[in-house]
>>> print(open('protein.cif').read())   # mmCIF, C-alpha atoms
data_run
#
loop_
_atom_site.group_PDB
_atom_site.id
_atom_site.type_symbol
_atom_site.label_atom_id
_atom_site.label_comp_id
_atom_site.auth_asym_id
_atom_site.auth_seq_id
_atom_site.Cartn_x
_atom_site.Cartn_y
_atom_site.Cartn_z
ATOM 1 C CA MET M 1 30.443 -116.573 174.145
ATOM 2 C CA PRO M 2 30.938 -120.360 173.948
ATOM 3 C CA ASN M 3 33.365 -121.840 176.494
ATOM 4 C CA ALA M 4 36.070 -122.756 173.988
ATOM 5 C CA GLU M 5 36.177 -119.215 172.679
ATOM 6 C CA ALA M 6 36.127 -117.719 176.160
ATOM 7 C CA SER M 7 39.109 -119.806 177.259
ATOM 8 C CA ILE M 8 41.044 -118.868 174.112
ATOM 9 C CA PHE M 9 40.387 -115.178 174.658
ATOM 10 C CA LYS M 10 41.343 -115.468 178.282
ATOM 11 C CA ALA M 11 44.551 -117.330 177.502
ATOM 12 C CA LEU M 12 45.626 -114.813 174.875
ATOM 13 C CA ALA M 13 44.612 -111.736 176.852
ATOM 14 C CA ASP M 14 47.952 -111.805 178.658
ATOM 15 C CA PRO M 15 50.683 -110.160 176.526
ATOM 16 C CA THR M 16 53.443 -112.542 177.675
ATOM 17 C CA ARG M 17 51.308 -115.597 176.869
ATOM 18 C CA ARG M 18 50.375 -114.091 173.543
ATOM 19 C CA ALA M 19 54.068 -113.499 172.751
ATOM 20 C CA ILE M 20 54.874 -117.131 173.620
ATOM 21 C CA PHE M 21 52.035 -118.399 171.429
ATOM 22 C CA GLU M 22 53.092 -116.140 168.559
ATOM 23 C CA ARG M 23 56.676 -117.339 168.831
ATOM 24 C CA LEU M 24 55.622 -120.997 168.757
ATOM 25 C CA THR M 25 53.371 -120.362 165.774
ATOM 26 C CA ARG M 26 56.052 -118.466 163.890
ATOM 27 C CA ASP M 27 59.164 -120.470 164.778
ATOM 28 C CA GLY M 28 57.784 -123.965 165.395
ATOM 29 C CA GLU M 29 58.340 -126.344 168.270
ATOM 30 C CA GLN M 30 60.603 -125.177 171.089
ATOM 31 C CA THR M 31 61.727 -126.246 174.533
ATOM 32 C CA VAL M 32 60.711 -124.438 177.697
ATOM 33 C CA HIS M 33 64.374 -123.584 178.067
ATOM 34 C CA ALA M 34 64.557 -121.885 174.662
ATOM 35 C CA LEU M 35 61.308 -120.031 175.264
ATOM 36 C CA THR M 36 62.528 -118.762 178.622
ATOM 37 C CA LYS M 37 65.652 -117.250 177.078
ATOM 38 C CA ARG M 38 63.545 -114.919 174.992
ATOM 39 C CA ALA M 39 60.496 -114.429 177.188
ATOM 40 C CA GLY M 40 61.982 -111.937 179.635
ATOM 41 C CA VAL M 41 60.457 -113.804 182.598
ATOM 42 C CA SER M 42 61.591 -116.707 184.772
ATOM 43 C CA GLN M 43 61.265 -120.342 183.726
ATOM 44 C CA PRO M 44 58.538 -121.078 186.331
ATOM 45 C CA MET M 45 56.547 -118.161 184.904
ATOM 46 C CA VAL M 46 57.013 -119.445 181.353
ATOM 47 C CA SER M 47 55.874 -122.904 182.485
ATOM 48 C CA LYS M 48 52.830 -121.354 184.126
ATOM 49 C CA HIS M 49 51.945 -119.469 180.945
ATOM 50 C CA LEU M 50 52.427 -122.626 178.896
ATOM 51 C CA SER M 51 50.050 -124.496 181.202
ATOM 52 C CA ALA M 52 47.429 -121.820 180.638
ATOM 53 C CA LEU M 53 47.903 -122.047 176.869
ATOM 54 C CA LYS M 54 47.653 -125.831 177.098
ATOM 55 C CA ARG M 55 44.373 -125.627 179.055
ATOM 56 C CA ALA M 56 42.991 -123.495 176.220
ATOM 57 C CA ARG M 57 44.286 -126.184 173.823
ATOM 58 C CA LEU M 58 46.415 -123.574 172.058
ATOM 59 C CA VAL M 59 49.639 -125.563 172.514
ATOM 60 C CA ARG M 60 50.586 -129.183 172.959
ATOM 61 C CA ASN M 61 53.674 -130.599 174.555
ATOM 62 C CA ARG M 62 55.834 -133.678 174.473
ATOM 63 C CA ARG M 63 58.632 -134.757 176.705
ATOM 64 C CA LYS M 64 61.956 -135.685 175.154
ATOM 65 C CA GLY M 65 64.691 -136.620 177.575
ATOM 66 C CA ARG M 66 64.801 -134.007 180.278
ATOM 67 C CA GLU M 67 63.266 -131.302 178.114
ATOM 68 C CA THR M 68 59.630 -130.546 177.425
ATOM 69 C CA HIS M 69 58.924 -129.377 173.895
ATOM 70 C CA TYR M 70 55.950 -127.189 173.086
ATOM 71 C CA ARG M 71 54.318 -126.440 169.801
ATOM 72 C CA ALA M 72 51.409 -124.248 168.782
ATOM 73 C CA ARG M 73 48.029 -125.556 167.665
ATOM 74 C CA PRO M 74 46.971 -122.674 165.408
ATOM 75 C CA GLU M 75 43.940 -124.763 164.407
ATOM 76 C CA ALA M 76 42.647 -124.049 167.917
ATOM 77 C CA LEU M 77 41.900 -120.544 166.665
ATOM 78 C CA ALA M 78 39.599 -121.900 163.986
ATOM 79 C CA PRO M 79 36.374 -121.427 165.985
ATOM 80 C CA LEU M 80 37.161 -117.733 166.163
ATOM 81 C CA VAL M 81 37.900 -117.182 162.512
ATOM 82 C CA ASP M 82 34.797 -115.882 160.853
ATOM 83 C CA TRP M 83 35.220 -117.309 157.375
ATOM 84 C CA ILE M 84 31.758 -116.427 156.229
ATOM 85 C CA GLY M 85 32.381 -112.846 157.313
ATOM 86 C CA HIS M 86 35.689 -112.690 155.437
ATOM 87 C CA TYR M 87 34.135 -113.931 152.209
ATOM 88 C CA GLY M 88 31.123 -111.651 152.610
ATOM 89 C CA ALA M 89 33.440 -108.628 152.863
ATOM 90 C CA PHE M 90 35.482 -109.960 149.944
ATOM 91 C CA TRP M 91 32.438 -110.129 147.644
ATOM 92 C CA GLN M 92 31.082 -106.752 148.745
ATOM 93 C CA ASN M 93 34.438 -105.287 147.748
ATOM 94 C CA LYS M 94 34.414 -107.163 144.429
ATOM 95 C CA PHE M 95 30.891 -105.948 143.676
ATOM 96 C CA ASP M 96 32.075 -102.364 144.277
ATOM 97 C CA ARG M 97 34.776 -102.940 141.687
ATOM 98 C CA LEU M 98 32.324 -104.589 139.310
ATOM 99 C CA GLY M 99 30.223 -101.412 139.558
ATOM 100 C CA ASP M 100 33.292 -99.327 138.671
ATOM 101 C CA VAL M 101 34.111 -101.570 135.701
ATOM 102 C CA LEU M 102 30.535 -101.279 134.411
ATOM 103 C CA GLU M 103 30.772 -97.483 134.666
ATOM 104 C CA ARG M 104 33.986 -97.440 132.679
ATOM 105 C CA MET M 105 32.602 -99.783 129.999
ATOM 106 C CA ASP M 106 30.261 -96.965 128.960
ATOM 107 C CA LYS M 107 33.141 -94.878 127.726
ATOM 108 C CA MET K 1 26.741 -135.007 164.690
ATOM 109 C CA THR K 2 24.999 -133.441 161.754
ATOM 110 C CA THR K 3 25.535 -134.557 158.192
ATOM 111 C CA PRO K 4 27.896 -132.398 156.118
ATOM 112 C CA ASP K 5 25.119 -131.322 153.765
ATOM 113 C CA THR K 6 22.980 -129.764 156.446
ATOM 114 C CA SER K 7 25.902 -127.986 158.057
ATOM 115 C CA THR K 8 27.166 -126.109 155.005
ATOM 116 C CA ARG K 9 26.541 -122.419 154.917
ATOM 117 C CA SER K 10 26.725 -119.818 152.216
ATOM 118 C CA VAL K 11 27.611 -116.193 151.601
ATOM 119 C CA MET K 12 25.180 -114.142 149.590
ATOM 120 C CA VAL K 13 25.698 -110.701 148.102
ATOM 121 C CA GLU K 14 23.021 -108.975 146.035
ATOM 122 C CA ARG K 15 23.129 -105.695 144.200
ATOM 123 C CA GLU K 16 21.286 -103.865 141.477
ATOM 124 C CA PHE K 17 23.533 -102.250 138.895
ATOM 125 C CA PRO K 18 22.166 -99.429 136.695
ATOM 126 C CA HIS K 19 23.400 -101.155 133.553
ATOM 127 C CA PRO K 20 21.817 -103.399 130.957
ATOM 128 C CA LEU K 21 21.952 -107.127 131.523
ATOM 129 C CA GLU K 22 24.086 -107.838 128.451
ATOM 130 C CA LYS K 23 26.791 -105.511 129.717
ATOM 131 C CA VAL K 24 26.823 -107.070 133.183
ATOM 132 C CA TRP K 25 27.032 -110.510 131.589
ATOM 133 C CA ARG K 26 30.093 -109.416 129.609
ATOM 134 C CA ALA K 27 31.774 -108.185 132.806
ATOM 135 C CA LEU K 28 31.197 -111.599 134.379
ATOM 136 C CA THR K 29 32.390 -113.654 131.418
ATOM 137 C CA GLU K 30 35.120 -111.805 129.471
ATOM 138 C CA ASN K 31 38.688 -112.439 130.627
ATOM 139 C CA SER K 32 39.941 -108.863 130.501
ATOM 140 C CA LEU K 33 36.832 -107.549 132.277
ATOM 141 C CA ILE K 34 36.890 -110.305 134.943
ATOM 142 C CA GLU K 35 40.482 -109.358 135.653
ATOM 143 C CA LEU K 36 39.498 -105.727 136.229
ATOM 144 C CA TRP K 37 37.026 -106.449 139.033
ATOM 145 C CA LEU K 38 37.839 -109.964 140.274
ATOM 146 C CA MET K 39 41.159 -111.590 139.395
ATOM 147 C CA LYS K 40 43.524 -112.688 136.648
ATOM 148 C CA ASN K 41 42.004 -115.714 134.959
ATOM 149 C CA ASP K 42 41.797 -118.128 132.054
ATOM 150 C CA PHE K 43 38.025 -118.291 132.267
ATOM 151 C CA GLN K 44 35.874 -119.561 129.408
ATOM 152 C CA PRO K 45 32.074 -119.596 129.570
ATOM 153 C CA VAL K 46 31.854 -123.274 128.677
ATOM 154 C CA ALA K 47 30.287 -125.898 130.943
ATOM 155 C CA GLY K 48 32.952 -128.237 132.330
ATOM 156 C CA HIS K 49 35.821 -125.854 131.528
ATOM 157 C CA SER K 50 38.480 -125.788 134.249
ATOM 158 C CA PHE K 51 40.274 -122.535 134.973
ATOM 159 C CA HIS K 52 42.184 -120.627 137.617
ATOM 160 C CA LEU K 53 41.655 -117.335 139.318
ATOM 161 C CA ARG K 54 44.923 -115.853 140.509
ATOM 162 C CA MET K 55 45.554 -113.274 143.145
ATOM 163 C CA GLU K 56 48.849 -112.053 144.565
ATOM 164 C CA PRO K 57 50.696 -114.899 146.326
ATOM 165 C CA MET K 58 50.775 -114.593 150.097
ATOM 166 C CA PRO K 59 52.832 -116.304 152.802
ATOM 167 C CA ASN K 60 51.741 -119.979 152.835
ATOM 168 C CA TRP K 61 49.451 -119.566 149.818
ATOM 169 C CA ASN K 62 50.214 -119.269 146.111
ATOM 170 C CA GLY K 63 47.051 -117.233 145.531
ATOM 171 C CA VAL K 64 45.559 -119.693 143.045
ATOM 172 C CA ILE K 65 41.866 -120.623 143.150
ATOM 173 C CA ASP K 66 40.871 -123.766 141.225
ATOM 174 C CA CYS K 67 37.589 -123.410 139.361
ATOM 175 C CA ARG K 68 35.381 -125.391 136.997
ATOM 176 C CA ILE K 69 32.268 -124.170 135.239
ATOM 177 C CA VAL K 70 29.226 -125.951 136.648
ATOM 178 C CA ALA K 71 26.547 -124.101 134.711
ATOM 179 C CA VAL K 72 26.406 -121.310 132.202
ATOM 180 C CA GLU K 73 23.189 -119.975 130.757
ATOM 181 C CA HIS K 74 23.718 -116.811 128.748
ATOM 182 C CA GLY K 75 22.459 -113.722 130.549
ATOM 183 C CA LYS K 76 20.925 -115.718 133.392
ATOM 184 C CA ILE K 77 23.178 -117.970 135.400
ATOM 185 C CA LEU K 78 26.887 -118.491 135.792
ATOM 186 C CA SER K 79 28.107 -121.053 138.291
ATOM 187 C CA TYR K 80 31.587 -122.348 138.993
ATOM 188 C CA THR K 81 33.430 -124.286 141.662
ATOM 189 C CA TRP K 82 35.822 -122.302 143.840
ATOM 190 C CA ASP K 83 38.449 -124.394 145.615
ATOM 191 C CA ALA K 84 41.165 -122.687 147.629
ATOM 192 C CA LEU K 85 42.819 -122.998 151.021
ATOM 193 C CA GLY K 86 40.907 -126.203 151.730
ATOM 194 C CA LEU K 87 37.571 -124.587 150.942
ATOM 195 C CA GLU K 88 35.470 -126.478 148.387
ATOM 196 C CA SER K 89 32.690 -124.165 147.369
ATOM 197 C CA VAL K 90 30.467 -123.189 144.467
ATOM 198 C CA VAL K 91 29.960 -119.607 143.337
ATOM 199 C CA THR K 92 26.729 -118.866 141.484
ATOM 200 C CA PHE K 93 25.783 -115.576 139.851
ATOM 201 C CA THR K 94 22.126 -115.090 138.995
ATOM 202 C CA LEU K 95 21.169 -112.144 136.792
ATOM 203 C CA THR K 96 17.693 -110.636 136.555
ATOM 204 C CA PRO K 97 16.745 -107.646 134.397
ATOM 205 C CA THR K 98 15.004 -104.835 136.294
ATOM 206 C CA ASP K 99 13.434 -101.507 135.305
ATOM 207 C CA ALA K 100 16.596 -99.681 136.373
ATOM 208 C CA GLY K 101 19.191 -102.159 135.128
ATOM 209 C CA THR K 102 20.300 -105.562 136.308
ATOM 210 C CA HIS K 103 19.989 -107.318 139.635
ATOM 211 C CA VAL K 104 22.966 -109.557 140.422
ATOM 212 C CA ARG K 105 22.878 -112.182 143.137
ATOM 213 C CA MET K 106 26.083 -113.971 144.098
ATOM 214 C CA GLU K 107 25.901 -116.986 146.328
ATOM 215 C CA GLN K 108 28.985 -118.859 147.461
ATOM 216 C CA SER K 109 27.935 -122.116 149.073
ATOM 217 C CA GLY K 110 29.733 -125.010 150.705
ATOM 218 C CA PHE K 111 31.247 -123.493 153.848
ATOM 219 C CA ARG K 112 31.533 -126.148 156.526
ATOM 220 C CA PRO K 113 32.237 -125.015 160.055
ATOM 221 C CA ASP K 114 34.576 -127.932 160.663
ATOM 222 C CA GLN K 115 36.501 -127.784 157.473
ATOM 223 C CA GLU K 116 40.155 -127.570 156.758
ATOM 224 C CA ALA K 117 39.739 -124.054 155.410
ATOM 225 C CA ALA K 118 39.294 -122.762 158.902
ATOM 226 C CA TYR K 119 42.509 -124.470 159.950
ATOM 227 C CA LYS K 120 44.533 -123.304 156.996
ATOM 228 C CA GLY K 121 43.037 -119.866 157.211
ATOM 229 C CA ALA K 122 43.898 -119.673 160.856
ATOM 230 C CA THR K 123 47.454 -120.736 160.100
ATOM 231 C CA TYR K 124 47.867 -118.308 157.270
ATOM 232 C CA GLY K 125 45.981 -115.421 158.747
ATOM 233 C CA TRP K 126 46.707 -115.777 162.398
ATOM 234 C CA GLN K 127 48.965 -112.752 162.649
ATOM 235 C CA GLY K 128 46.304 -110.367 161.451
ATOM 236 C CA PHE K 129 43.861 -112.264 163.567
ATOM 237 C CA ILE K 130 45.887 -111.709 166.705
ATOM 238 C CA GLY K 131 45.927 -107.999 165.956
ATOM 239 C CA GLY K 132 42.150 -108.080 165.852
ATOM 240 C CA LEU K 133 42.063 -110.180 168.984
ATOM 241 C CA GLU K 134 43.915 -107.531 170.927
ATOM 242 C CA ARG K 135 41.198 -105.043 170.093
ATOM 243 C CA VAL K 136 38.479 -107.504 171.097
ATOM 244 C CA VAL K 137 40.206 -108.227 174.376
ATOM 245 C CA ALA K 138 40.686 -104.510 175.021
ATOM 246 C CA GLY K 139 36.952 -104.078 174.517
ATOM 247 C CA LEU K 140 36.158 -106.845 177.010
ATOM 248 C CA GLN K 141 38.169 -105.307 179.824
#
>>> encode(input="protein.cif", output="structure tokens")
Amino acid sequence: MPNAEASIFKALADPTRRAIFERLTRDGEQTVHALTKRAGVSQPMVSKHLSALKRARLVRNRRKGRETHYRARPEALAPLVDWIGHYGAFWQNKFDRLGDVLERMDK
Amino acid sequence: MTTPDTSTRSVMVEREFPHPLEKVWRALTENSLIELWLMKNDFQPVAGHSFHLRMEPMPNWNGVIDCRIVAVEHGKILSYTWDALGLESVVTFTLTPTDAGTHVRMEQSGFRPDQEAAYKGATYGWQGFIGGLERVVAGLQ
């Protein structure tokens, strides 16, 4: 497995980190403070998880005043998305349906 | 860095259908038949004709695929562009009569590993992807 993929898998293998990444992807940019409120773990733990996500390039951060804001980089998942595979399965399915349509055209 | 042309990849699906070529051609080129196996459409088998294929809208995508006929040769070749979700591709059907019926080859070309489609797809499909990821991770441990 290439390094980028390995680090992404590793970062998302932890359920708390995965929940944080999902929340950032779904709800947009948030502060560490806001994330901590909903994470069910302490702020230092959230910060640690965020650092791990950042090392895997799954999130980026910016400092604004005293708060650090994090947002997801869903594009970081791109190397893992097998587009060719998706389209291959799509066309196999469509060809199945084409076969059914041809059968029905007989009647 | 490689040039874009050498880095594009394609999907190919081939199948032999036990039906005469003319019938298969109709299924590929008549609106009501295309809708039955592929998608709703305003297709016309005329070179240069622009049309849309429409599937059910999804979160972050209206389900519309922009197409334009590149080549149409009755009973032999049908080729159209297929642009959606940042993917700019060409779909080509090649028909060949066989003893048992008709051989159909579909090739969709133009996939670039670096392209926006992967980004948009990841954005739009990430939730399902994460579900799959959990299974992969479970398998690794």
>>> atom_distance(input="protein.cif", atom1="atom CA of Phe43 of chain K", atom2="atom CA of Asn31 of chain K")
6.1 Å
>>> interface_residues(input="protein.cif", of="chain M", to="chain K", cutoff="6 Å", atoms="only C-alpha atoms", output="PDB file with C-alpha atoms, in the coordinates of the input")
ATOM      1  CA  PRO M  74      46.971-122.674 165.408  1.00  0.00           C
ATOM      2  CA  GLU M  75      43.940-124.763 164.407  1.00  0.00           C
ATOM      3  CA  ALA M  78      39.599-121.900 163.986  1.00  0.00           C
ATOM      4  CA  GLY M  88      31.123-111.651 152.610  1.00  0.00           C
ATOM      5  CA  ARG M  97      34.776-102.940 141.687  1.00  0.00           C
ATOM      6  CA  LEU M  98      32.324-104.589 139.310  1.00  0.00           C
TER       7      LEU M  98
END
>>> atom_distance(input="protein.cif", atom1="atom CA of Ala72 of chain M", atom2="atom CA of Ala56 of chain M")
11.3 Å
>>> resolve_selection(input="protein.cif", expression="the PyMOL selection byres ((chain M and resi 46) around 9)", output="PDB file with C-alpha atoms, in the frame of the given file")
ATOM      1  CA  THR M  16      53.443-112.542 177.675  1.00  0.00           C
ATOM      2  CA  ARG M  17      51.308-115.597 176.869  1.00  0.00           C
ATOM      3  CA  ILE M  20      54.874-117.131 173.620  1.00  0.00           C
ATOM      4  CA  VAL M  32      60.711-124.438 177.697  1.00  0.00           C
ATOM      5  CA  LEU M  35      61.308-120.031 175.264  1.00  0.00           C
ATOM      6  CA  THR M  36      62.528-118.762 178.622  1.00  0.00           C
ATOM      7  CA  ALA M  39      60.496-114.429 177.188  1.00  0.00           C
ATOM      8  CA  VAL M  41      60.457-113.804 182.598  1.00  0.00           C
ATOM      9  CA  SER M  42      61.591-116.707 184.772  1.00  0.00           C
ATOM     10  CA  GLN M  43      61.265-120.342 183.726  1.00  0.00           C
ATOM     11  CA  PRO M  44      58.538-121.078 186.331  1.00  0.00           C
ATOM     12  CA  MET M  45      56.547-118.161 184.904  1.00  0.00           C
ATOM     13  CA  SER M  47      55.874-122.904 182.485  1.00  0.00           C
ATOM     14  CA  LYS M  48      52.830-121.354 184.126  1.00  0.00           C
ATOM     15  CA  HIS M  49      51.945-119.469 180.945  1.00  0.00           C
ATOM     16  CA  LEU M  50      52.427-122.626 178.896  1.00  0.00           C
ATOM     17  CA  SER M  51      50.050-124.496 181.202  1.00  0.00           C
TER      18      SER M  51
END
>>> atom_distance(input="protein.cif", atom1="atom CA of Phe51 of chain K", atom2="atom CA of Ser32 of chain K")
14.4 Å
>>> closest_residue(input="protein.cif", among="M:Arg23, M:Arg73, M:His86, M:Arg66", to="Arg38 of chain M", atoms="all atoms listed in the file")
M:Arg23
>>> closest_residue(input="protein.cif", among="K:Val72, K:Met55, K:Glu22, K:Glu35", to="Val101 of chain M", atoms="all atoms listed in the file")
K:Glu35
>>> axis_aligned_box(input="protein.cif", around="segment 95-108 of chain K", padding_each_side="5 Å", output="AutoDock Vina command-line options")
--center_x 21.2 --center_y -109.3 --center_z 140.9 --size_x 25.6 --size_y 29.2 --size_z 23.1
>>> closest_residue(input="protein.cif", among="K:Gly63, K:Ala84, K:Phe93, K:Thr98", to="Phe95 of chain M", atoms="only C-alpha atoms")
K:Phe93
>>> closest_residue(input="protein.cif", among="M:Leu12, M:Ala89, M:Met105, M:Leu24", to="Arg60 of chain M", atoms="only C-alpha atoms")
M:Leu24
